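What follows is one structure encoded as structure tokens, with my remarks underneath.
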Amino acid sequence: MNIDVFKFGGVAVGSIEAIRVAVEHVRKAAPNVAVIVSAANGITDALHDTAQSALRGDRDSYLAAAARFETRHHELIAGVIANKARAEELRQIVLESANEMRSMAESIAVLRELTPRANDALVARGERVMARIFTAALREKGIGAEYVDAYDVVITERRMGSLWPNFNRCERAAKKHVLPILEGGRVAIMPGYLGSGPEGEVVTLGRGGSDFSAAILARSVGARPVALFKE
């Protein structure tokens, strides 16, 4: 298969019109395309700020951030998803993610401790929610699309104190989770920026991590050069 990998940055999925444009890019390339999706612009920074607010014990700030997280994604859903059942399913995903965000922030505030593991688990939700919305937006246009969680595909190991992809394991995981979708004539949608760590924890790949996710996925499925859509 000649597979393309598209990566859409935060601005490229950060508004209703941007999502519509991104969907059209994918429609033209479908079905032999795998897509990496970033969090909507501003969301990752807001989630990092939420973690810091919780560490300070600033309850008003992190509860307000969770409410903004919900509102932002509900607005995107309302703008691109007409199917009522599909929209309700997405709203439930957003609600569950926001509730988990509140719960984690409360725990951080009580313990007055923010571990790297807790920070990554809190911050990674932006990409996961956006990738779910983007998958549904493709289905709205009649494009076969399946969500694949990056946790199952981007598998990392620790080298000299840093995280690095275990490419052999990534390739095996892609053959299991991504290639069957593409071979079935559907588009694979995966959140960027996150993966699984050496102890099975959720980890993030740092600034520019979604670009790295796209490169890892492209290598793992034997794709052609990656197309990066920033806006």
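Labeling convention for the structure tokens: chains A, B, ... as they appear, residues from 1 per chain, ligands from 1 in order of appearance.
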For range 47-130 of chain A versus range 189-208 of chain A, which residues have an atom no more than 7 Å away, and what is each residue's nearest atom pair and distance in Å rounded to one decimal, using only C-alpha atoms, chain-then-number order, as a Markdown table?
```
| residue | atom | partner | partner_atom | distance |
| --- | --- | --- | --- | --- |
| A:Arg117 | CA | A:Val203 | CA | 7.0 |
| A:Asp120 | CA | A:Val203 | CA | 5.4 |
| A:Ala121 | CA | A:Val202 | CA | 5.8 |
| A:Ala124 | CA | A:Leu194 | CA | 6.2 |
| A:Glu127 | CA | A:Pro191 | CA | 5.0 |
| A:Arg128 | CA | A:Pro191 | CA | 5.3 |
```
task: Counting only C-alpha atoms, figure out which residue out of A:Leu55, A:Leu179, A:Val26, A:Val11 gets nearest to Val110 in chain A.
output: A:Leu55
field: Contacts of Leu138 in chain A at 8 Å (only C-alpha atoms; same-chain gap of 5+ positions) as a ChimeraX atom specification
entry: /A:23,27,143-145
Residues of the last selection are to be written out with N, CA, C and O atoms, as a PDB file, in the first residue's frame.
```
ATOM      1  N   VAL A  23     -10.897  17.974   7.231  1.00  0.00           N
ATOM      2  CA  VAL A  23     -11.685  16.831   6.753  1.00  0.00           C
ATOM      3  C   VAL A  23     -11.628  16.736   5.238  1.00  0.00           C
ATOM      4  O   VAL A  23     -11.509  15.631   4.671  1.00  0.00           O
ATOM      5  N   ARG A  27     -10.478  13.664   2.968  1.00  0.00           N
ATOM      6  CA  ARG A  27     -11.408  13.082   1.993  1.00  0.00           C
ATOM      7  C   ARG A  27     -10.745  12.885   0.646  1.00  0.00           C
ATOM      8  O   ARG A  27     -10.918  11.844   0.000  1.00  0.00           O
ATOM      9  N   ILE A 143     -16.975   9.235   5.291  1.00  0.00           N
ATOM     10  CA  ILE A 143     -15.624   8.676   5.169  1.00  0.00           C
ATOM     11  C   ILE A 143     -15.425   7.635   6.263  1.00  0.00           C
ATOM     12  O   ILE A 143     -15.591   7.946   7.452  1.00  0.00           O
ATOM     13  N   GLY A 144     -15.110   6.425   5.881  1.00  0.00           N
ATOM     14  CA  GLY A 144     -14.837   5.390   6.865  1.00  0.00           C
ATOM     15  C   GLY A 144     -13.613   5.755   7.680  1.00  0.00           C
ATOM     16  O   GLY A 144     -12.537   5.972   7.116  1.00  0.00           O
ATOM     17  N   ALA A 145     -13.752   5.847   8.987  1.00  0.00           N
ATOM     18  CA  ALA A 145     -12.647   6.266   9.848  1.00  0.00           C
ATOM     19  C   ALA A 145     -12.731   5.526  11.168  1.00  0.00           C
ATOM     20  O   ALA A 145     -13.824   5.292  11.691  1.00  0.00           O
TER      21      ALA A 145
END
```
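Using only C-alpha atoms, the shortest contact distance between Asn2 in chain A and any of A:Asn32, A:Asn41, A:Asn99, A:Ser107 is found at A:Asn32.
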- request: Fewer than 3 positions away in the same chain doesn't count, so skip those; otherwise give me all residues within 10 Å of Ile133 in chain A, counting only C-alpha atoms, as a list in words.
  value: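 So, after excluding close chain neighbours, the residues are Val13, Ile19, Val37, His73, His74, Leu76, Ile77, Val80, Ile81, Arg86, Ala87, Glu89, Leu90, Arg91, Ile93, Val94, Glu127, Arg128, Val129, Met130, Ala136, Ala137, Leu138, Arg139 and Tyr147 of chain A.
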Store the residues of this selection in a file with N, CA, C and O atoms, as a CSV table (one decimal), in the first residue's frame.
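Wrote again_28.csv, looks like this:
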```csv
chain,number,residue,atom,x,y,z
A,13,VAL,N,-7.0,22.2,13.7
A,13,VAL,CA,-8.2,21.6,14.2
A,13,VAL,C,-8.9,22.4,15.3
A,13,VAL,O,-9.7,21.9,16.1
A,19,ILE,N,-11.6,22.5,11.1
A,19,ILE,CA,-11.9,21.1,11.1
A,19,ILE,C,-12.5,20.7,9.7
A,19,ILE,O,-12.1,19.7,9.1
A,37,VAL,N,-3.6,13.7,15.0
A,37,VAL,CA,-4.4,14.9,15.4
A,37,VAL,C,-3.8,15.5,16.7
A,37,VAL,O,-3.6,14.8,17.7
A,73,HIS,N,-14.8,22.2,23.6
A,73,HIS,CA,-15.0,21.0,22.8
A,73,HIS,C,-16.5,20.9,22.4
A,73,HIS,O,-16.8,20.4,21.3
A,74,HIS,N,-17.4,21.3,23.3
A,74,HIS,CA,-18.8,21.2,22.9
A,74,HIS,C,-19.1,22.2,21.8
A,74,HIS,O,-19.9,21.8,20.9
A,76,LEU,N,-17.1,22.9,19.3
A,76,LEU,CA,-16.6,22.3,18.1
A,76,LEU,C,-17.5,21.1,17.7
A,76,LEU,O,-17.8,21.0,16.5
A,77,ILE,N,-18.0,20.4,18.6
A,77,ILE,CA,-18.9,19.3,18.3
A,77,ILE,C,-20.2,19.8,17.7
A,77,ILE,O,-20.7,19.3,16.6
A,80,VAL,N,-19.6,20.8,13.9
A,80,VAL,CA,-19.2,19.9,12.9
A,80,VAL,C,-20.0,18.5,12.9
A,80,VAL,O,-19.9,17.8,11.9
A,81,ILE,N,-20.7,18.3,13.9
A,81,ILE,CA,-21.4,17.0,14.0
A,81,ILE,C,-22.9,17.3,14.1
A,81,ILE,O,-23.5,17.8,15.0
A,86,ARG,N,-24.3,10.7,17.4
A,86,ARG,CA,-22.9,10.8,17.4
A,86,ARG,C,-22.4,12.0,18.2
A,86,ARG,O,-21.4,11.9,19.0
A,87,ALA,N,-23.2,13.1,18.2
A,87,ALA,CA,-22.8,14.3,19.0
A,87,ALA,C,-22.9,14.0,20.4
A,87,ALA,O,-22.1,14.4,21.2
A,89,GLU,N,-22.7,11.1,21.9
A,89,GLU,CA,-21.5,10.2,22.3
A,89,GLU,C,-20.3,11.0,22.6
A,89,GLU,O,-19.5,10.8,23.5
A,90,LEU,N,-20.0,12.0,21.7
A,90,LEU,CA,-18.8,12.8,21.9
A,90,LEU,C,-19.0,13.7,23.1
A,90,LEU,O,-18.0,13.9,23.8
A,91,ARG,N,-20.1,14.3,23.3
A,91,ARG,CA,-20.3,15.1,24.5
A,91,ARG,C,-20.1,14.3,25.8
A,91,ARG,O,-19.5,14.8,26.8
A,93,ILE,N,-18.0,11.7,26.0
A,93,ILE,CA,-16.5,11.6,26.1
A,93,ILE,C,-15.9,12.8,26.7
A,93,ILE,O,-15.0,12.7,27.5
A,94,VAL,N,-16.3,14.0,26.2
A,94,VAL,CA,-15.8,15.2,26.8
A,94,VAL,C,-16.1,15.4,28.3
A,94,VAL,O,-15.2,15.7,29.1
A,127,GLU,N,-5.4,15.7,23.1
A,127,GLU,CA,-5.3,15.0,21.8
A,127,GLU,C,-6.3,13.9,21.7
A,127,GLU,O,-6.9,13.7,20.6
A,128,ARG,N,-6.5,13.2,22.8
A,128,ARG,CA,-7.5,12.1,22.7
A,128,ARG,C,-8.9,12.6,22.4
A,128,ARG,O,-9.6,12.0,21.5
A,129,VAL,N,-9.3,13.6,23.0
A,129,VAL,CA,-10.7,14.2,22.7
A,129,VAL,C,-10.7,14.7,21.3
A,129,VAL,O,-11.7,14.5,20.6
A,130,MET,N,-9.7,15.5,20.9
A,130,MET,CA,-9.8,16.0,19.5
A,130,MET,C,-9.7,15.0,18.5
A,130,MET,O,-10.4,15.1,17.4
A,136,ALA,N,-15.2,11.4,14.2
A,136,ALA,CA,-16.7,11.6,14.0
A,136,ALA,C,-16.9,12.6,12.9
A,136,ALA,O,-17.9,12.4,12.1
A,137,ALA,N,-16.1,13.6,12.7
A,137,ALA,CA,-16.3,14.6,11.7
A,137,ALA,C,-16.1,13.9,10.3
A,137,ALA,O,-16.8,14.2,9.3
A,138,LEU,N,-15.2,13.0,10.2
A,138,LEU,CA,-15.0,12.3,8.9
A,138,LEU,C,-16.2,11.4,8.6
A,138,LEU,O,-16.7,11.3,7.5
A,139,ARG,N,-16.7,10.7,9.7
A,139,ARG,CA,-17.8,9.9,9.5
A,139,ARG,C,-19.1,10.6,9.0
A,139,ARG,O,-19.9,10.1,8.3
A,147,TYR,N,-10.8,5.4,15.1
A,147,TYR,CA,-9.9,5.9,16.1
A,147,TYR,C,-9.0,4.8,16.6
A,147,TYR,O,-9.4,3.7,16.9
```
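Using only C-alpha atoms, the shortest contact distance between Lys176 in chain A and any of A:Arg132, A:Gly126, A:Val221, A:Arg158 is found at A:Val221.
The coordinates place CA of His25 in chain A at 17.1 Å from CA of Ala223 in chain A.
Closest approach to Val178 in chain A among A:Ile36, A:Ala51, A:Leu122, A:Trp164 is made by A:Ile36 (distances from only C-alpha atoms).
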